[in-house]
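Data file: upload.txt. Format and content: compact mmCIF, C-alpha atoms.
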```txt
# COMPACT_ATOMS: atom_id res chain seq x y z
CA MET A 1 13.83 34.94 32.63
CA ALA A 2 15.88 32.20 30.94
CA LEU A 3 14.73 29.34 28.74
CA PRO A 4 16.55 25.98 28.98
CA CYS A 5 17.38 25.85 25.27
CA PHE A 6 17.36 29.43 24.04
CA ALA A 7 19.01 31.75 26.53
CA PHE A 8 19.99 35.40 26.15
CA SER A 9 22.88 37.10 27.89
CA GLN A 10 23.43 40.83 27.50
CA GLY A 11 21.24 40.81 24.40
CA GLN A 12 23.24 38.03 22.67
CA PHE A 13 21.96 34.57 21.69
CA GLU A 14 23.63 31.67 23.54
CA LEU A 15 24.76 28.86 21.24
CA ASN A 16 24.46 25.45 22.92
CA LEU A 17 27.14 22.80 22.25
CA PRO A 18 28.97 24.88 19.63
CA ASP A 19 31.56 22.13 18.91
CA HIS A 20 29.15 19.20 18.73
CA ASP A 21 29.04 18.93 14.93
CA ASP A 22 32.82 19.31 14.55
CA LYS A 23 33.58 15.98 16.26
CA ASP A 24 34.67 13.12 14.01
CA PHE A 25 32.43 10.68 15.89
CA HIS A 26 29.52 11.04 18.23
CA PHE A 27 27.07 8.57 19.69
CA GLY A 28 23.47 8.44 20.78
CA ILE A 29 20.53 6.32 21.79
CA SER A 30 17.24 6.04 19.95
CA LEU A 31 13.77 5.09 21.17
CA GLY A 32 11.01 4.84 18.59
CA THR A 33 7.66 3.47 17.59
CA ASN A 34 6.79 1.93 14.24
CA ARG A 35 3.79 1.14 12.08
CA SER A 36 4.47 -1.91 9.96
CA PHE A 37 2.66 -4.04 7.41
CA TYR A 38 3.37 -6.32 4.44
CA HIS A 39 3.05 -5.67 0.73
CA PHE A 40 2.23 -8.91 -1.06
CA ASP A 41 1.36 -10.39 -4.45
CA PHE A 42 -1.25 -13.10 -5.00
CA ASN A 43 -0.37 -16.49 -6.37
CA PRO A 44 -2.47 -17.71 -9.36
CA ARG A 45 -4.01 -20.24 -6.96
CA PHE A 46 -5.94 -17.37 -5.36
CA LEU A 47 -8.03 -16.94 -8.54
CA ASN A 48 -8.39 -20.66 -9.25
CA TYR A 49 -9.80 -21.71 -5.87
CA ASP A 50 -12.56 -20.25 -3.70
CA THR A 51 -11.33 -21.33 -0.24
CA VAL A 52 -9.88 -17.87 0.48
CA LEU A 53 -11.92 -14.95 -0.86
CA VAL A 54 -9.99 -11.93 0.45
CA VAL A 55 -6.55 -11.37 1.99
CA GLU A 56 -5.47 -8.11 3.65
CA SER A 57 -2.32 -7.06 5.52
CA LEU A 58 -3.21 -5.18 8.72
CA GLN A 59 -1.05 -2.40 10.14
CA SER A 60 0.31 -2.86 13.65
CA THR A 61 2.39 -0.87 16.13
CA GLY A 62 5.81 -1.86 17.48
CA ILE A 63 8.85 -0.32 19.19
CA ASN A 64 12.50 0.30 18.28
CA LEU A 65 15.55 0.47 20.57
CA ALA A 66 18.89 1.43 19.04
CA TRP A 67 22.41 2.72 19.63
CA LEU A 68 23.61 5.35 17.14
CA VAL A 69 27.13 5.83 15.77
CA ASN A 70 27.68 8.94 13.61
CA MET A 71 30.85 9.68 11.59
CA ARG A 72 31.38 13.20 10.24
CA LEU A 73 32.43 13.54 6.59
CA ASN A 74 32.23 17.33 6.18
CA ASP A 75 30.05 20.26 7.23
CA HIS A 76 26.93 18.82 5.60
CA PHE A 77 27.39 15.06 5.22
CA ASP A 78 27.70 12.26 7.77
CA LEU A 79 27.65 8.47 7.75
CA ARG A 80 25.43 6.80 10.33
CA THR A 81 24.76 3.29 11.51
CA TYR A 82 23.04 1.53 14.39
CA PRO A 83 25.25 -1.42 15.42
CA LEU A 84 22.66 -2.44 18.02
CA ASN A 85 19.14 -1.93 16.68
CA LEU A 86 16.24 -4.07 17.92
CA VAL A 87 12.83 -3.80 16.26
CA PHE A 88 9.76 -5.42 17.81
CA THR A 89 6.74 -5.81 15.52
CA GLU A 90 3.48 -7.73 15.17
CA LYS A 91 2.18 -7.90 11.63
CA ALA A 92 -1.12 -9.58 10.76
CA PHE A 93 -3.00 -11.01 7.78
CA GLN A 94 -6.79 -11.01 7.68
CA TYR A 95 -8.55 -13.67 5.59
CA ARG A 96 -12.15 -13.96 4.45
CA LEU A 97 -12.90 -17.67 4.12
CA SER A 98 -15.62 -19.51 2.23
CA TYR A 99 -15.48 -22.60 4.43
CA PRO A 100 -14.13 -21.74 7.90
CA ASP A 101 -13.12 -24.68 10.06
CA PRO A 102 -14.79 -24.29 13.49
CA PHE A 103 -12.54 -26.99 14.96
CA ALA A 104 -9.52 -24.80 14.13
CA ASN A 105 -11.13 -21.69 15.71
CA GLU A 106 -11.74 -20.15 12.30
CA ASP A 107 -14.48 -17.68 11.44
CA SER A 108 -15.56 -16.31 8.09
CA VAL A 109 -13.11 -13.49 8.86
CA THR A 110 -9.92 -14.92 10.38
CA THR A 111 -6.74 -13.13 11.44
CA ARG A 112 -3.30 -14.70 11.51
CA LYS A 113 -0.60 -12.72 13.39
CA VAL A 114 3.13 -12.84 12.73
CA GLN A 115 5.45 -11.78 15.56
CA GLY A 116 8.80 -10.19 14.78
CA ILE A 117 11.95 -9.62 16.89
CA THR A 118 14.41 -8.18 14.40
CA LEU A 119 18.06 -7.17 14.60
CA SER A 120 18.49 -4.45 11.99
CA LEU A 121 21.79 -3.05 10.68
CA PRO A 122 21.24 0.13 8.63
CA PHE A 123 23.85 2.28 6.88
CA GLN A 124 22.69 5.82 6.17
CA LEU A 125 24.04 8.91 4.44
CA LYS A 126 22.89 12.04 6.26
CA PHE A 127 22.66 15.49 4.68
CA SER A 128 22.28 18.43 7.09
CA SER A 129 21.35 22.06 6.58
CA ASP A 130 23.36 24.90 8.06
CA ARG A 131 22.80 25.33 11.75
CA ILE A 132 20.33 28.08 12.61
CA GLN A 133 21.17 29.01 16.20
CA ASN A 134 20.12 25.87 18.15
CA PHE A 135 18.23 24.19 15.32
CA LYS A 136 19.09 22.14 12.23
CA VAL A 137 17.19 20.09 9.63
CA TYR A 138 18.55 16.91 8.08
CA MET A 139 17.62 14.18 5.59
CA ILE A 140 18.76 10.53 5.54
CA GLY A 141 18.81 7.70 3.04
CA GLY A 142 20.47 4.31 2.83
CA GLY A 143 20.12 0.56 3.03
CA LYS A 144 19.62 -2.03 5.75
CA VAL A 145 20.01 -5.72 6.46
CA GLU A 146 17.65 -7.39 8.94
CA TYR A 147 17.54 -10.73 10.74
CA ASP A 148 14.26 -11.80 12.34
CA PHE A 149 14.82 -14.13 15.31
CA ALA A 150 11.10 -14.96 15.46
CA ALA A 151 10.69 -15.95 11.79
CA ASN A 152 9.22 -19.43 11.46
CA ALA A 153 10.22 -20.67 7.98
CA GLY A 154 12.02 -23.68 9.46
CA GLU A 155 9.20 -24.81 11.74
CA LYS A 156 7.50 -28.10 10.97
CA ASN A 157 4.38 -27.44 13.04
CA ALA A 158 3.25 -24.18 11.47
CA GLU A 159 0.10 -25.38 9.73
CA LYS A 160 -1.90 -22.33 10.82
CA LEU A 161 0.78 -19.71 10.13
CA ILE A 162 2.39 -17.77 7.32
CA LYS A 163 5.99 -18.97 7.11
CA LEU A 164 8.59 -16.21 6.80
CA ASN A 165 12.34 -16.27 6.20
CA LYS A 166 14.68 -14.78 8.77
CA LEU A 167 16.86 -12.64 6.46
CA ASP A 168 15.64 -9.45 4.80
CA TYR A 169 17.19 -6.36 3.23
CA GLY A 170 15.84 -3.07 1.94
CA ILE A 171 16.17 0.70 1.67
CA GLU A 172 14.98 3.56 3.86
CA ALA A 173 14.68 7.33 3.74
CA GLY A 174 13.50 10.04 6.09
CA MET A 175 14.10 13.40 7.72
CA GLY A 176 14.62 14.83 11.17
CA PHE A 177 15.44 17.90 13.25
CA HIS A 178 18.29 18.65 15.66
CA PHE A 179 17.46 20.71 18.75
CA TYR A 180 20.63 21.71 20.63
CA PHE A 181 20.26 21.85 24.40
CA PRO A 182 23.04 22.81 26.86
CA VAL A 183 24.10 19.18 27.52
CA PHE A 184 22.57 17.09 24.71
CA VAL A 185 21.03 17.16 21.23
CA LEU A 186 17.45 15.94 20.82
CA SER A 187 16.43 14.75 17.34
CA PRO A 188 12.88 13.75 16.42
CA GLU A 189 13.04 11.71 13.21
CA ILE A 190 10.60 10.01 10.84
CA LYS A 191 11.59 7.50 8.16
CA MET A 192 10.08 4.93 5.83
CA GLY A 193 11.51 1.51 5.04
CA TRP A 194 10.90 -0.70 2.00
CA GLY A 195 11.89 -4.36 2.09
CA LEU A 196 13.30 -5.60 -1.23
CA LYS A 197 13.54 -9.32 -0.51
CA ASN A 198 10.68 -11.79 -0.74
CA VAL A 199 10.47 -13.10 2.84
CA HIS A 200 7.64 -15.56 2.16
CA SER A 201 8.49 -19.24 2.47
CA ARG A 202 5.49 -20.42 0.48
CA ASP A 203 3.97 -23.80 1.34
CA GLU A 204 1.57 -25.31 -1.21
CA ASN A 205 -0.09 -27.38 1.52
CA LEU A 206 -1.06 -24.43 3.75
CA LYS A 207 -4.23 -22.60 2.76
CA PHE A 208 -3.09 -19.37 4.44
CA SER A 209 0.19 -19.47 2.54
CA ASN A 210 -0.49 -20.99 -0.88
CA VAL A 211 -2.70 -18.10 -2.08
CA ILE A 212 0.17 -15.61 -1.59
CA ASP A 213 3.28 -15.37 -3.72
CA GLN A 214 5.78 -12.69 -2.64
CA ILE A 215 5.70 -10.83 0.69
CA LYS A 216 7.77 -7.68 1.31
CA SER A 217 7.92 -5.58 4.46
CA ARG A 218 6.91 -1.92 4.79
CA THR A 219 7.62 0.21 7.87
CA ILE A 220 7.09 3.78 9.05
CA THR A 221 9.17 4.70 12.12
CA PHE A 222 9.11 7.74 14.41
CA SER A 223 12.11 8.03 16.73
CA LEU A 224 13.56 10.31 19.37
CA ILE A 225 17.37 10.33 19.32
CA ILE A 226 19.52 11.73 22.11
CA GLU A 227 23.18 12.49 21.32
```
Turn the structure described in the file into structure tokens.
Amino acid sequence: MALPCFAFSQGQFELNLPDHDDKDFHFGISLGTNRSFYHFDFNPRFLNYDTVLVVESLQSTGINLAWLVNMRLNDHFDLRTYPLNLVFTEKAFQYRLSYPDPFANEDSVTTRKVQGITLSLPFQLKFSSDRIQNFKVYMIGGGKVEYDFAANAGEKNAEKLIKLNKLDYGIEAGMGFHFYFPVFVLSPEIKMGWGLKNVHSRDENLKFSNVIDQIKSRTITFSLIIE
């Protein structure tokens, strides 16, 4: 009886794709899901006025589609990037209002959603363990630059929205596992991302915006990578 990944022949273990990690470059595709939210700081206006009582950032689920390029440095280190990396998110703010406006479809608890279609360009340093038969553990860390096509900072008719800038940058770190199959390598991976740039385009005239000062993105991503 033979297993697809771990096969035995005449009592010896069969090593799948023995030359895979010796290649200078290899490529892959990544499909993932993310949980994203915003970390924010209040503006002094929040304490001086009673229009908005509470503000919370709600977590939401999105998807990631990416193309991987990996460059080998030595037996344990690689450089990785995703030249085509699309991230779809929907973040939301929940407000508790003292004086909701029924003509604007507001309740005492009102939610404002922010859609995101982001092109992300990460650069990662990858550290891998020694290969144990058809299994390997690795860790990653690096930086990223992101451009959100759906950001609305330039819109004039955004009275009911939080205005966000299109450009963001940050750092990310995570870990994953390589499983070597006869014709491909499957890598489940989890990573966290921290935005470093204030993406809030604050508008003093918007009650959903003027109580918030800085807004920075936070993301947790689980991906399956096939190389």
Gly28 (chain A) proximity check over A:Lys144, A:Lys197, A:Arg80, A:Arg218, using all atoms listed in the file: winner is A:Arg80
Around (16.0, 12.7, 10.3) in the file's own coordinates, what residues are found within 7 Å if you use only C-alpha atoms, given back as a count of residues only?
-> 10
Could you work out how far CA of Trp67 (chain A) lies from CA of Ser129 (chain A), giving the answer in Å with one decimal?
->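 These two atoms are separated by 23.4 Å.
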With only C-alpha atoms as the atoms that count, which of A:Thr33, A:Asn205, A:Asn74, A:Ser57 lies nearest to Asp130 (chain A)?
->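 Among the listed residues, the smallest separation from Asp130 (chain A) belongs to A:Asn74.
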Which value, in Å to one decimal, gives the distance between CA of Glu106 (chain A) and CA of Asn34 (chain A)?
->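 Computing it gives 28.9 Å between the two atoms.
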Quick one: residues within 6 Å of (13.2, 4.2, 1.0) (file frame), counting all atoms listed in the file, please, as a PDB file with C-alpha atoms, in the frame of the given file.
```pdb
ATOM      1  CA  ILE A 171      16.170   0.700   1.670  1.00  0.00           C
ATOM      2  CA  GLU A 172      14.980   3.560   3.860  1.00  0.00           C
ATOM      3  CA  ALA A 173      14.680   7.330   3.740  1.00  0.00           C
ATOM      4  CA  MET A 192      10.080   4.930   5.830  1.00  0.00           C
ATOM      5  CA  GLY A 193      11.510   1.510   5.040  1.00  0.00           C
ATOM      6  CA  TRP A 194      10.900  -0.700   2.000  1.00  0.00           C
TER       7      TRP A 194
END
```
Please report, as JSON lines, each residue of region 55-98 of chain A lying at most 12 Å from region 162-166 of chain A, together with the nearest pair of atoms and the separation in Å rounded to one decimal; use all atoms listed in the file, and order rows by chain and ascending residue number.
```
{"residue": "A:Ser57", "atom": "CA", "partner": "A:Ile162", "partner_atom": "CA", "distance": 11.8}
{"residue": "A:Lys91", "atom": "CA", "partner": "A:Ile162", "partner_atom": "CA", "distance": 10.8}
{"residue": "A:Ala92", "atom": "CA", "partner": "A:Ile162", "partner_atom": "CA", "distance": 9.6}
{"residue": "A:Phe93", "atom": "CA", "partner": "A:Ile162", "partner_atom": "CA", "distance": 8.7}
{"residue": "A:Gln94", "atom": "CA", "partner": "A:Ile162", "partner_atom": "CA", "distance": 11.4}
{"residue": "A:Tyr95", "atom": "CA", "partner": "A:Ile162", "partner_atom": "CA", "distance": 11.8}
```
Could the residues in this selection be written to a file with C-alpha atoms, as a compact mmCIF listing (two decimals), in the coordinates of the input?
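Dumped everything to part-v3.txt:
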```txt
# COMPACT_ATOMS: atom_id res chain seq x y z
CA SER A 57 -2.32 -7.06 5.52
CA LYS A 91 2.18 -7.90 11.63
CA ALA A 92 -1.12 -9.58 10.76
CA PHE A 93 -3.00 -11.01 7.78
CA GLN A 94 -6.79 -11.01 7.68
CA TYR A 95 -8.55 -13.67 5.59
```
May I have the residues within 10 Å of Ala151 (chain A) as a list in words, using only C-alpha atoms and disregarding those fewer than 2 positions away in the same chain?
-> Val114, Gln115, Gly116, Ile117, Thr118, Tyr147, Asp148, Phe149, Ala153, Gly154, Glu155, Ile162, Lys163, Leu164, Asn165, Lys166, Leu167 and Val199 of chain A
Å distance separating CA of Phe42 (chain A) from CA of Ser120 (chain A), one decimal place =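 So the two atoms, CA of Phe42 (chain A) and CA of Ser120 (chain A), lie 27.4 Å apart.
Residues within 10 Å of Val145 (chain A), counting only C-alpha atoms and excluding same-chain residues fewer than 6 positions away, are Leu119, Ser120, Leu121, Pro122, Phe123, Leu167, Asp168, Tyr169, Gly170, Ile171 and Gly195 of chain A.
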Determine, counting only C-alpha atoms, which protein, DNA and RNA residues have an atom within 6 Å of an atom of Gln214 (chain A); residues of the same chain fewer than 3 positions away are not included. Present the result as a PyMOL selection string.
-> chain A and resi 40-41+198+200
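Counting all atoms listed in the file and comparing A:Asn43, A:Val54, A:Gly142, A:Ser30, the residue that lies closest to Asp203 (chain A) is A:Asn43.
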Selected residue of minimal separation from His26 (chain A) among A:Ser209, A:Asn70, A:Thr61, A:Thr51, counting all atoms listed in the file |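 Among the listed residues, the smallest separation from His26 (chain A) belongs to A:Asn70.
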Selection: 8 Å around Phe184 (chain A), all atoms listed in the file, excl. self and same-chain fewer than 3 positions, as a PyMOL selection string | chain A and resi 17+180-181+226-227
Could you list, as a short mmCIF file (atom, residue, chain, number, x, y, z; two decimals) with C-alpha atoms, keeping the file's coordinate frame, every residue within 8 Å of Gly62 (chain A), counting all atoms listed in the file and ignoring same-chain residues fewer than 6 positions away?
```cif
data_model
loop_
_atom_site.label_atom_id
_atom_site.label_comp_id
_atom_site.auth_asym_id
_atom_site.auth_seq_id
_atom_site.Cartn_x
_atom_site.Cartn_y
_atom_site.Cartn_z
CA THR A 33 7.66 3.47 17.59
CA ASN A 34 6.79 1.93 14.24
CA ARG A 35 3.79 1.14 12.08
CA SER A 36 4.47 -1.91 9.96
CA VAL A 87 12.83 -3.80 16.26
CA PHE A 88 9.76 -5.42 17.81
CA THR A 89 6.74 -5.81 15.52
CA GLU A 90 3.48 -7.73 15.17
#
```
Nearest to Phe77 (chain A): which of A:Glu204, A:Asp101, A:Glu56, A:Asp24 is it, counting all atoms listed in the file?
-> A:Asp24
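Ranking A:Leu125, A:Leu15, A:Thr221, A:Ser187 by their shortest atom-to-atom distance to Asp78 (chain A), with all atoms listed in the file included, puts A:Leu125 first.
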Generate the coordinates of N, CA and C atoms for region 126-151 of chain A; report them as a tab-separated table (two decimals), keeping the file's coordinate frame.
```
chain	number	residue	atom	x	y	z
A	126	LYS	N	23.67	10.94	5.67
A	126	LYS	CA	22.89	12.04	6.26
A	126	LYS	C	23.35	13.37	5.66
A	127	PHE	N	22.39	14.15	5.19
A	127	PHE	CA	22.66	15.49	4.68
A	127	PHE	C	22.00	16.50	5.61
A	128	SER	N	22.78	17.45	6.13
A	128	SER	CA	22.28	18.43	7.09
A	128	SER	C	22.30	19.83	6.52
A	129	SER	N	21.36	20.64	6.94
A	129	SER	CA	21.35	22.06	6.58
A	129	SER	C	22.37	22.80	7.43
A	130	ASP	N	22.57	24.07	7.15
A	130	ASP	CA	23.36	24.90	8.06
A	130	ASP	C	22.62	25.01	9.39
A	131	ARG	N	23.40	25.17	10.42
A	131	ARG	CA	22.80	25.33	11.75
A	131	ARG	C	22.23	26.73	11.90
A	132	ILE	N	20.99	26.81	12.35
A	132	ILE	CA	20.33	28.08	12.61
A	132	ILE	C	20.18	28.19	14.12
A	133	GLN	N	21.13	28.88	14.75
A	133	GLN	CA	21.17	29.01	16.20
A	133	GLN	C	21.19	27.60	16.82
A	134	ASN	N	20.14	27.19	17.51
A	134	ASN	CA	20.12	25.87	18.15
A	134	ASN	C	19.17	24.91	17.44
A	135	PHE	N	19.16	24.99	16.11
A	135	PHE	CA	18.23	24.19	15.32
A	135	PHE	C	18.87	23.81	13.99
A	136	LYS	N	18.57	22.60	13.52
A	136	LYS	CA	19.09	22.14	12.23
A	136	LYS	C	18.13	21.10	11.66
A	137	VAL	N	18.00	21.08	10.33
A	137	VAL	CA	17.19	20.09	9.63
A	137	VAL	C	18.12	19.12	8.90
A	138	TYR	N	17.74	17.86	8.82
A	138	TYR	CA	18.55	16.91	8.08
A	138	TYR	C	17.67	15.89	7.36
A	139	MET	N	18.26	15.25	6.34
A	139	MET	CA	17.62	14.18	5.59
A	139	MET	C	18.55	12.97	5.58
A	140	ILE	N	17.97	11.76	5.54
A	140	ILE	CA	18.76	10.53	5.54
A	140	ILE	C	18.26	9.59	4.45
A	141	GLY	N	19.17	8.74	3.99
A	141	GLY	CA	18.81	7.70	3.04
A	141	GLY	C	19.88	6.63	3.07
A	142	GLY	N	19.48	5.39	2.82
A	142	GLY	CA	20.47	4.31	2.83
A	142	GLY	C	19.82	2.95	2.73
A	143	GLY	N	20.59	1.94	3.09
A	143	GLY	CA	20.12	0.56	3.03
A	143	GLY	C	20.20	-0.11	4.39
A	144	LYS	N	19.62	-1.29	4.48
A	144	LYS	CA	19.62	-2.03	5.75
A	144	LYS	C	19.57	-3.53	5.48
A	145	VAL	N	20.10	-4.27	6.44
A	145	VAL	CA	20.01	-5.72	6.46
A	145	VAL	C	19.35	-6.11	7.78
A	146	GLU	N	18.40	-7.03	7.74
A	146	GLU	CA	17.65	-7.39	8.94
A	146	GLU	C	17.62	-8.91	9.12
A	147	TYR	N	17.64	-9.32	10.39
A	147	TYR	CA	17.54	-10.73	10.74
A	147	TYR	C	16.46	-10.88	11.79
A	148	ASP	N	15.42	-11.63	11.47
A	148	ASP	CA	14.26	-11.80	12.34
A	148	ASP	C	14.41	-13.10	13.14
A	149	PHE	N	14.64	-12.96	14.44
A	149	PHE	CA	14.82	-14.13	15.31
A	149	PHE	C	13.53	-14.93	15.45
A	150	ALA	N	12.38	-14.29	15.25
A	150	ALA	CA	11.10	-14.96	15.46
A	150	ALA	C	10.53	-15.56	14.19
A	151	ALA	N	11.21	-15.40	13.05
A	151	ALA	CA	10.69	-15.95	11.79
A	151	ALA	C	10.60	-17.47	11.88
```
